[in-house]
Amino acid sequence: MISIVALSHASPPSSANGQSLYGGVNTTSTLASAVAFGSKIFNELGMTAYSATLLQSATEAWEWADSNPNVIWENNSSSYNSVGIGAGQQETDTYGRFAYKMRTAIHLYDATNNSTYKTYTENNYQNIHMLLWNYTYPFEQENQEILLYYASLPGVTTSVVSTIKNTYPNTMNSSNNFGGFTNETDPYLANLTEYVWGSNGTKARKGLMFTDYVNSNINSANNDNALKAAERFIHYIQGINP
Amino acid sequence: MYDYGSDNGVNEFYHTWFGDGTNWDNVQNDLYGPAPGFLTGGPNPSYNWDACCPSGCSGLTCNSNQVDRIMGQPKQKAYDDFNTSWPMNS
C-alpha cells in the first residue's frame, strides 16, 4: 500500500493542474488500509463478489505487514527525499503500528473467524494502553473501541471479554471522564483536559467514548448518563438552543 | 446554515478549496462561501503567528489583532473565525 498523497490543489478543485505525488509503501499504511470491515459491510449489502475482493486484499495486507513489520516511510523528511509531501508527519511510531495491527487482526477475525487473528489479538491485547495503563482518553478512542468490539464477537475467550468489559467502565469513572460530566467541570459541559491543534476532533472522540459505553452495554444502569454526556459534546460543537 | 436558523455559524475556515480571497472564502461576504458540513479544527490554545512576524515575512501581513483575539483566551475559546494563510494560518 502506498501512503500519503500530495495532491495538486486549486479553488475550485477542478482547476488544479499541478503535479500530484504519493508516498512509498510502508507497514503503517498497509495496516491502516486493510479493509476487512468494509468487506463485512458489502457482504451484508449483498455485494458478495466485491466483499470477497476486499477480504482477499485485507488478508494479503495483513500477511505483508506481518512479514514486513518495520517498513517506514516518512513524508516531509529529507532522509526520505520527501520534503513538501503532505502536511505534518503521517508516519506513526512502534505503538501506533501495533495498534493498527490489532485493529486489522480484530476485523479479520470478525470477517473470517480464523484462529490466527484471534491468537494474535489475545496474545497482545493487554499491551493496548487502556489495559497497560488502566486508562482511557480520547486520543486512543479507536483503540479502546476496537477492544470493546472484540469483546462483543462470538468465540472470544471468556476471560478476555471479562477483562475488557471490566476495565473500560472502571477507567470511564475517572475524574476526566464521568467525573467531568458529574461535576460539570467544563463551562460548555464537554470536559476535555488537553486542547491541541484539531481540538474539535478530540472533542468528538471524547463524545464517542461515551457512546461506546452505551453501545457496548457494559453497565446499563449508567447508559442514560453516558448518552447525556455524549450529547453534550455534540452540543459543544454545534451549539444548543437556550 | 443561517437559512436553517443558526445564529452564530462558522463563516470561513482554512482550506485550500475555500481559500482567502476566493468566491468560496466567506459565507457572509463572498459569492458562495465554503460548502456546508465541514467541521473546523476547533480551539487551539497553542496558536501563534509564524516566527517571521511581525515584519520579516517577505512583505506578507502579520495581523497582531488576530493574534490578540486568540492568545490568552481560556483554552475553550482560543478560536477565531478566519482563514488567512501563512504567516497567520493556524
# chains A, B, ... in the order shown; residues from 1 in each chain; ligands from 1

call {"tool": "residues_around", "arguments": {"residues": "Pro13 (chain A)", "least_positions_apart": "4", "cutoff": "9 Å", "atoms": "only C-alpha atoms", "output": "MDAnalysis selection string"}}
result
(chainID A and resid 8:9) or (chainID B and resid 16:17)

call {"tool": "closest_atom_pairs", "arguments": {"of": "chain B", "to": "chain A", "cutoff": "10 Å", "atoms": "only C-alpha atoms", "output": "Markdown table"}}
result
| residue | atom | partner | partner_atom | distance |
| --- | --- | --- | --- | --- |
| B:Ser6 | CA | A:Gly239 | CA | 8.7 |
| B:Asp7 | CA | A:Gly239 | CA | 9.2 |
| B:Asn8 | CA | A:Gly239 | CA | 8.5 |
| B:Gly9 | CA | A:Gln238 | CA | 8.8 |
| B:His15 | CA | A:Ser11 | CA | 9.6 |
| B:Thr16 | CA | A:Ala10 | CA | 6.6 |
| B:Trp17 | CA | A:Ser11 | CA | 4.7 |
| B:Phe18 | CA | A:Ser11 | CA | 6.6 |
| B:Gly19 | CA | A:Ser11 | CA | 7.0 |
| B:Thr22 | CA | A:Ser11 | CA | 7.5 |
| B:Asn23 | CA | A:Ser11 | CA | 8.8 |
| B:Trp24 | CA | A:Ser11 | CA | 8.0 |
| B:Asp25 | CA | A:Ser11 | CA | 9.9 |
| B:Leu39 | CA | A:Asn200 | CA | 7.7 |
| B:Thr40 | CA | A:Asn200 | CA | 7.1 |
| B:Gly41 | CA | A:Gly198 | CA | 4.2 |
| B:Gly42 | CA | A:Asn200 | CA | 4.6 |
| B:Pro43 | CA | A:Ser199 | CA | 6.0 |
| B:Asn44 | CA | A:Trp197 | CA | 5.3 |
| B:Pro45 | CA | A:Tyr195 | CA | 6.8 |
| B:Ser46 | CA | A:Val196 | CA | 7.0 |
| B:Tyr47 | CA | A:Trp197 | CA | 8.1 |
| B:Lys75 | CA | A:Tyr195 | CA | 6.8 |
| B:Gln76 | CA | A:Tyr195 | CA | 7.9 |
| B:Ala78 | CA | A:Tyr195 | CA | 9.5 |
| B:Ser90 | CA | A:Trp197 | CA | 8.1 |

call {"tool": "closest_residue", "arguments": {"among": "A:Leu153, A:Ala221, A:Ala99, A:Ile106", "to": "Glu140 (chain A)", "atoms": "only C-alpha atoms"}}
result
A:Ala99

call {"tool": "residues_around", "arguments": {"residues": "Ala204 (chain A)", "least_positions_apart": "4", "cutoff": "8 Å", "atoms": "only C-alpha atoms", "output": "CSV table (one decimal) with N, CA, C and O atoms, in the first residue's frame"}}
result
chain,number,residue,atom,x,y,z
A,200,ASN,N,-11.5,20.1,18.0
A,200,ASN,CA,-12.8,19.6,17.8
A,200,ASN,C,-12.9,18.1,17.5
A,200,ASN,O,-13.8,17.4,17.9
A,208,LEU,N,-17.5,10.2,21.6
A,208,LEU,CA,-17.6,8.8,21.2
A,208,LEU,C,-17.3,7.8,22.3
A,208,LEU,O,-17.8,6.7,22.3
A,233,PHE,N,-21.2,16.8,24.0
A,233,PHE,CA,-20.1,17.0,23.1
A,233,PHE,C,-20.6,17.5,21.7
A,233,PHE,O,-20.0,18.3,21.1
A,234,ILE,N,-21.7,16.9,21.3
A,234,ILE,CA,-22.3,17.4,20.1
A,234,ILE,C,-22.8,18.8,20.3
A,234,ILE,O,-22.6,19.7,19.4

call {"tool": "residues_around", "arguments": {"residues": "Thr27 (chain A)", "least_positions_apart": "3", "cutoff": "12 Å", "atoms": "only C-alpha atoms", "output": "PyMOL selection string"}}
result
chain A and resi 1-3+24+30-34+61-74+91-94+96-98+100-101

call {"tool": "write_last_selection", "arguments": {"atoms": "N, CA, C and O atoms", "output": "compact mmCIF listing (two decimals), in the first residue's frame"}}
result
# COMPACT_ATOMS: atom_id res chain seq x y z
N MET A 1 0.84 -1.18 0.00
CA MET A 1 0.00 0.00 0.00
C MET A 1 0.89 1.25 0.00
O MET A 1 1.83 1.33 0.78
N ILE A 2 0.55 2.19 -0.82
CA ILE A 2 1.22 3.47 -0.76
C ILE A 2 0.73 4.23 0.47
O ILE A 2 -0.26 3.85 1.09
N SER A 3 1.44 5.30 0.85
CA SER A 3 0.97 6.06 2.00
C SER A 3 0.39 7.39 1.54
O SER A 3 -0.44 7.41 0.63
N GLY A 24 5.74 6.36 -0.29
CA GLY A 24 6.18 5.00 -0.55
C GLY A 24 5.39 3.94 0.20
O GLY A 24 4.60 4.25 1.11
N THR A 30 -0.20 0.09 5.12
CA THR A 30 -0.73 -1.22 4.74
C THR A 30 -1.73 -1.71 5.78
O THR A 30 -2.83 -2.18 5.45
N LEU A 31 -1.37 -1.57 7.05
CA LEU A 31 -2.29 -1.99 8.11
C LEU A 31 -3.50 -1.07 8.18
O LEU A 31 -4.64 -1.53 8.35
N ALA A 32 -3.26 0.24 8.03
CA ALA A 32 -4.36 1.19 8.13
C ALA A 32 -5.34 1.05 6.97
O ALA A 32 -6.51 1.43 7.09
N SER A 33 -4.88 0.52 5.86
CA SER A 33 -5.72 0.43 4.67
C SER A 33 -6.44 -0.90 4.53
O SER A 33 -7.23 -1.08 3.61
N ALA A 34 -6.14 -1.84 5.42
CA ALA A 34 -6.80 -3.15 5.32
C ALA A 34 -8.31 -2.97 5.46
O ALA A 34 -8.77 -2.26 6.35
N ALA A 61 -2.87 -7.81 2.86
CA ALA A 61 -2.27 -6.68 3.58
C ALA A 61 -1.72 -7.14 4.93
O ALA A 61 -0.61 -6.78 5.33
N TRP A 62 -2.51 -7.95 5.62
CA TRP A 62 -2.06 -8.50 6.90
C TRP A 62 -0.78 -9.32 6.72
O TRP A 62 0.18 -9.14 7.48
N GLU A 63 -0.79 -10.19 5.74
CA GLU A 63 0.37 -11.07 5.54
C GLU A 63 1.62 -10.27 5.20
O GLU A 63 2.71 -10.57 5.70
N TRP A 64 1.47 -9.23 4.36
CA TRP A 64 2.63 -8.41 4.01
C TRP A 64 3.14 -7.66 5.23
O TRP A 64 4.34 -7.64 5.51
N ALA A 65 2.22 -7.05 5.98
CA ALA A 65 2.63 -6.28 7.15
C ALA A 65 3.23 -7.18 8.23
O ALA A 65 4.17 -6.79 8.93
N ASP A 66 2.70 -8.39 8.34
CA ASP A 66 3.22 -9.33 9.34
C ASP A 66 4.65 -9.74 8.99
O ASP A 66 5.49 -9.93 9.87
N SER A 67 4.93 -9.85 7.70
CA SER A 67 6.28 -10.23 7.25
C SER A 67 7.20 -9.02 7.17
O SER A 67 8.43 -9.18 7.13
N ASN A 68 6.64 -7.83 7.12
CA ASN A 68 7.43 -6.59 6.97
C ASN A 68 6.99 -5.58 8.03
O ASN A 68 6.39 -4.55 7.72
N PRO A 69 7.30 -5.85 9.29
CA PRO A 69 6.70 -5.05 10.37
C PRO A 69 7.30 -3.66 10.54
O PRO A 69 6.70 -2.82 11.21
N ASN A 70 8.44 -3.40 9.95
CA ASN A 70 9.11 -2.12 10.21
C ASN A 70 9.55 -1.41 8.94
O ASN A 70 10.65 -0.86 8.87
N VAL A 71 8.70 -1.42 7.92
CA VAL A 71 8.99 -0.64 6.71
C VAL A 71 8.45 0.77 6.95
O VAL A 71 7.24 0.99 7.03
N ILE A 72 9.36 1.70 7.08
CA ILE A 72 9.00 3.07 7.46
C ILE A 72 9.11 3.98 6.23
O ILE A 72 10.03 3.83 5.43
N TRP A 73 8.19 4.90 6.10
CA TRP A 73 8.31 5.94 5.07
C TRP A 73 7.78 7.23 5.65
O TRP A 73 6.59 7.34 5.99
N GLU A 74 8.67 8.22 5.78
CA GLU A 74 8.29 9.50 6.37
C GLU A 74 8.11 10.56 5.29
O GLU A 74 9.00 10.73 4.44
N GLU A 91 3.70 9.34 9.33
CA GLU A 91 4.22 8.09 9.89
C GLU A 91 4.03 8.07 11.40
O GLU A 91 4.15 9.09 12.07
N THR A 92 3.70 6.91 11.94
CA THR A 92 3.48 6.79 13.37
C THR A 92 4.69 6.09 14.00
O THR A 92 5.73 5.92 13.37
N ASP A 93 4.54 5.69 15.26
CA ASP A 93 5.65 5.03 15.96
C ASP A 93 5.34 3.54 16.14
O ASP A 93 4.36 3.03 15.61
N THR A 94 6.19 2.87 16.88
CA THR A 94 6.03 1.42 17.05
C THR A 94 4.68 1.08 17.66
O THR A 94 3.99 0.15 17.22
N GLY A 96 1.97 2.91 17.52
CA GLY A 96 0.93 3.21 16.54
C GLY A 96 0.76 2.09 15.53
O GLY A 96 -0.37 1.71 15.18
N ARG A 97 1.88 1.51 15.07
CA ARG A 97 1.79 0.38 14.13
C ARG A 97 1.17 -0.84 14.82
O ARG A 97 0.37 -1.56 14.23
N PHE A 98 1.53 -1.05 16.07
CA PHE A 98 0.94 -2.16 16.82
C PHE A 98 -0.58 -1.99 16.94
O PHE A 98 -1.34 -2.94 16.75
N TYR A 100 -2.59 -0.32 14.96
CA TYR A 100 -3.19 -0.60 13.65
C TYR A 100 -3.27 -2.11 13.41
O TYR A 100 -4.24 -2.63 12.86
N LYS A 101 -2.24 -2.82 13.83
CA LYS A 101 -2.24 -4.27 13.61
C LYS A 101 -3.33 -4.95 14.45
O LYS A 101 -3.97 -5.90 13.99

call {"tool": "atom_distance", "arguments": {"atom1": "CA of Leu31 (chain B)", "atom2": "CA of Asn83 (chain B)"}}
result
16.3 Å

call {"tool": "residues_around", "arguments": {"residues": "Thr84 (chain B)", "least_positions_apart": "4", "cutoff": "9 Å", "atoms": "only C-alpha atoms", "output": "PDB file with N, CA, C and O atoms, in the first residue's frame"}}
result
ATOM      1  N   PHE B  13     -13.176  29.116   7.010  1.00  0.00           N
ATOM      2  CA  PHE B  13     -12.161  28.289   7.671  1.00  0.00           C
ATOM      3  C   PHE B  13     -11.040  28.024   6.686  1.00  0.00           C
ATOM      4  O   PHE B  13     -11.222  28.147   5.462  1.00  0.00           O
ATOM      5  N   TYR B  14      -9.907  27.650   7.232  1.00  0.00           N
ATOM      6  CA  TYR B  14      -8.700  27.479   6.425  1.00  0.00           C
ATOM      7  C   TYR B  14      -8.779  26.178   5.622  1.00  0.00           C
ATOM      8  O   TYR B  14      -8.794  25.085   6.193  1.00  0.00           O
ATOM      9  N   GLY B  19     -10.310  29.106  -0.196  1.00  0.00           N
ATOM     10  CA  GLY B  19      -9.207  29.971   0.191  1.00  0.00           C
ATOM     11  C   GLY B  19      -9.586  31.431   0.384  1.00  0.00           C
ATOM     12  O   GLY B  19     -10.575  31.944  -0.178  1.00  0.00           O
ATOM     13  N   ASP B  20      -8.783  32.097   1.162  1.00  0.00           N
ATOM     14  CA  ASP B  20      -8.957  33.516   1.449  1.00  0.00           C
ATOM     15  C   ASP B  20      -8.925  34.312   0.146  1.00  0.00           C
ATOM     16  O   ASP B  20      -8.026  34.151  -0.679  1.00  0.00           O
ATOM     17  N   GLY B  21      -9.934  35.140  -0.047  1.00  0.00           N
ATOM     18  CA  GLY B  21      -9.984  35.988  -1.232  1.00  0.00           C
ATOM     19  C   GLY B  21     -10.662  35.355  -2.435  1.00  0.00           C
ATOM     20  O   GLY B  21     -10.797  36.006  -3.474  1.00  0.00           O
ATOM     21  N   MET B  88      -0.122  33.706   9.035  1.00  0.00           N
ATOM     22  CA  MET B  88      -1.115  33.798  10.111  1.00  0.00           C
ATOM     23  C   MET B  88      -1.941  32.526  10.262  1.00  0.00           C
ATOM     24  O   MET B  88      -2.812  32.469  11.122  1.00  0.00           O
ATOM     25  N   ASN B  89      -1.718  31.520   9.426  1.00  0.00           N
ATOM     26  CA  ASN B  89      -2.575  30.340   9.495  1.00  0.00           C
ATOM     27  C   ASN B  89      -2.363  29.573  10.788  1.00  0.00           C
ATOM     28  O   ASN B  89      -1.316  29.642  11.411  1.00  0.00           O
ATOM     29  N   SER B  90      -3.399  28.814  11.147  1.00  0.00           N
ATOM     30  CA  SER B  90      -3.369  28.062  12.397  1.00  0.00           C
ATOM     31  C   SER B  90      -2.559  26.783  12.231  1.00  0.00           C
ATOM     32  O   SER B  90      -2.630  26.155  11.195  1.00  0.00           O
TER      33      SER B  90
END

call {"tool": "closest_residue", "arguments": {"among": "B:Phe82, B:Pro87, B:Gly59, B:Val67", "to": "Val27 (chain B)", "atoms": "only C-alpha atoms"}}
result
B:Phe82

call {"tool": "residues_around", "arguments": {"residues": "Asn43 (chain A)", "least_positions_apart": "5", "cutoff": "10 Å", "atoms": "only C-alpha atoms", "output": "list in words"}}
result
Phe37, Gly38, Thr48, Ala49, Tyr50, Ser51, Ala52, Leu54, Leu55 and Ala111 of chain A

call {"tool": "write_last_selection", "arguments": {"atoms": "all heavy atoms", "output": "compact mmCIF listing (two decimals), in the first residue's frame"}}
result
# COMPACT_ATOMS: atom_id res chain seq x y z
N PHE A 37 -13.23 -4.78 7.53
CA PHE A 37 -14.55 -4.32 7.99
C PHE A 37 -15.41 -3.92 6.79
O PHE A 37 -16.61 -4.21 6.74
CB PHE A 37 -14.39 -3.15 8.96
CG PHE A 37 -15.67 -2.76 9.63
CD1 PHE A 37 -16.29 -3.62 10.53
CD2 PHE A 37 -16.26 -1.54 9.38
CE1 PHE A 37 -17.47 -3.28 11.15
CE2 PHE A 37 -17.45 -1.18 10.01
CZ PHE A 37 -18.05 -2.05 10.89
N GLY A 38 -14.78 -3.27 5.81
CA GLY A 38 -15.51 -2.93 4.59
C GLY A 38 -16.05 -4.16 3.91
O GLY A 38 -17.17 -4.16 3.38
N THR A 48 -21.51 -9.60 -2.72
CA THR A 48 -20.61 -10.64 -2.21
C THR A 48 -19.29 -10.71 -2.98
O THR A 48 -18.25 -11.00 -2.39
CB THR A 48 -21.32 -12.00 -2.24
OG1 THR A 48 -21.80 -12.23 -3.58
CG2 THR A 48 -22.48 -12.04 -1.27
N ALA A 49 -19.34 -10.48 -4.28
CA ALA A 49 -18.09 -10.56 -5.05
C ALA A 49 -17.12 -9.46 -4.63
O ALA A 49 -15.92 -9.71 -4.42
CB ALA A 49 -18.40 -10.45 -6.55
N TYR A 50 -17.64 -8.25 -4.49
CA TYR A 50 -16.78 -7.14 -4.07
C TYR A 50 -16.30 -7.36 -2.63
O TYR A 50 -15.15 -7.08 -2.29
CB TYR A 50 -17.54 -5.82 -4.18
CG TYR A 50 -16.67 -4.60 -3.90
CD1 TYR A 50 -15.49 -4.39 -4.60
CD2 TYR A 50 -17.04 -3.68 -2.92
CE1 TYR A 50 -14.70 -3.29 -4.34
CE2 TYR A 50 -16.25 -2.57 -2.66
CZ TYR A 50 -15.08 -2.37 -3.37
OH TYR A 50 -14.29 -1.29 -3.11
N SER A 51 -17.20 -7.88 -1.80
CA SER A 51 -16.83 -8.19 -0.43
C SER A 51 -15.66 -9.18 -0.39
O SER A 51 -14.71 -9.01 0.37
CB SER A 51 -18.04 -8.79 0.30
OG SER A 51 -17.64 -9.36 1.52
N ALA A 52 -15.72 -10.20 -1.24
CA ALA A 52 -14.64 -11.19 -1.28
C ALA A 52 -13.32 -10.57 -1.75
O ALA A 52 -12.24 -10.91 -1.25
CB ALA A 52 -15.05 -12.34 -2.20
N LEU A 54 -12.41 -7.44 -1.30
CA LEU A 54 -11.88 -6.65 -0.18
C LEU A 54 -11.26 -7.54 0.89
O LEU A 54 -10.21 -7.22 1.45
CB LEU A 54 -13.00 -5.80 0.44
CG LEU A 54 -13.59 -4.68 -0.42
CD1 LEU A 54 -14.69 -3.96 0.34
CD2 LEU A 54 -12.52 -3.70 -0.87
N LEU A 55 -11.91 -8.66 1.16
CA LEU A 55 -11.38 -9.55 2.19
C LEU A 55 -10.05 -10.15 1.76
O LEU A 55 -9.11 -10.27 2.57
CB LEU A 55 -12.39 -10.66 2.49
CG LEU A 55 -12.01 -11.60 3.63
CD1 LEU A 55 -11.74 -10.83 4.92
CD2 LEU A 55 -13.11 -12.63 3.86
N ALA A 111 -14.32 -11.10 10.31
CA ALA A 111 -14.74 -11.44 8.94
C ALA A 111 -14.50 -12.91 8.60
O ALA A 111 -15.20 -13.47 7.75
CB ALA A 111 -13.99 -10.56 7.95
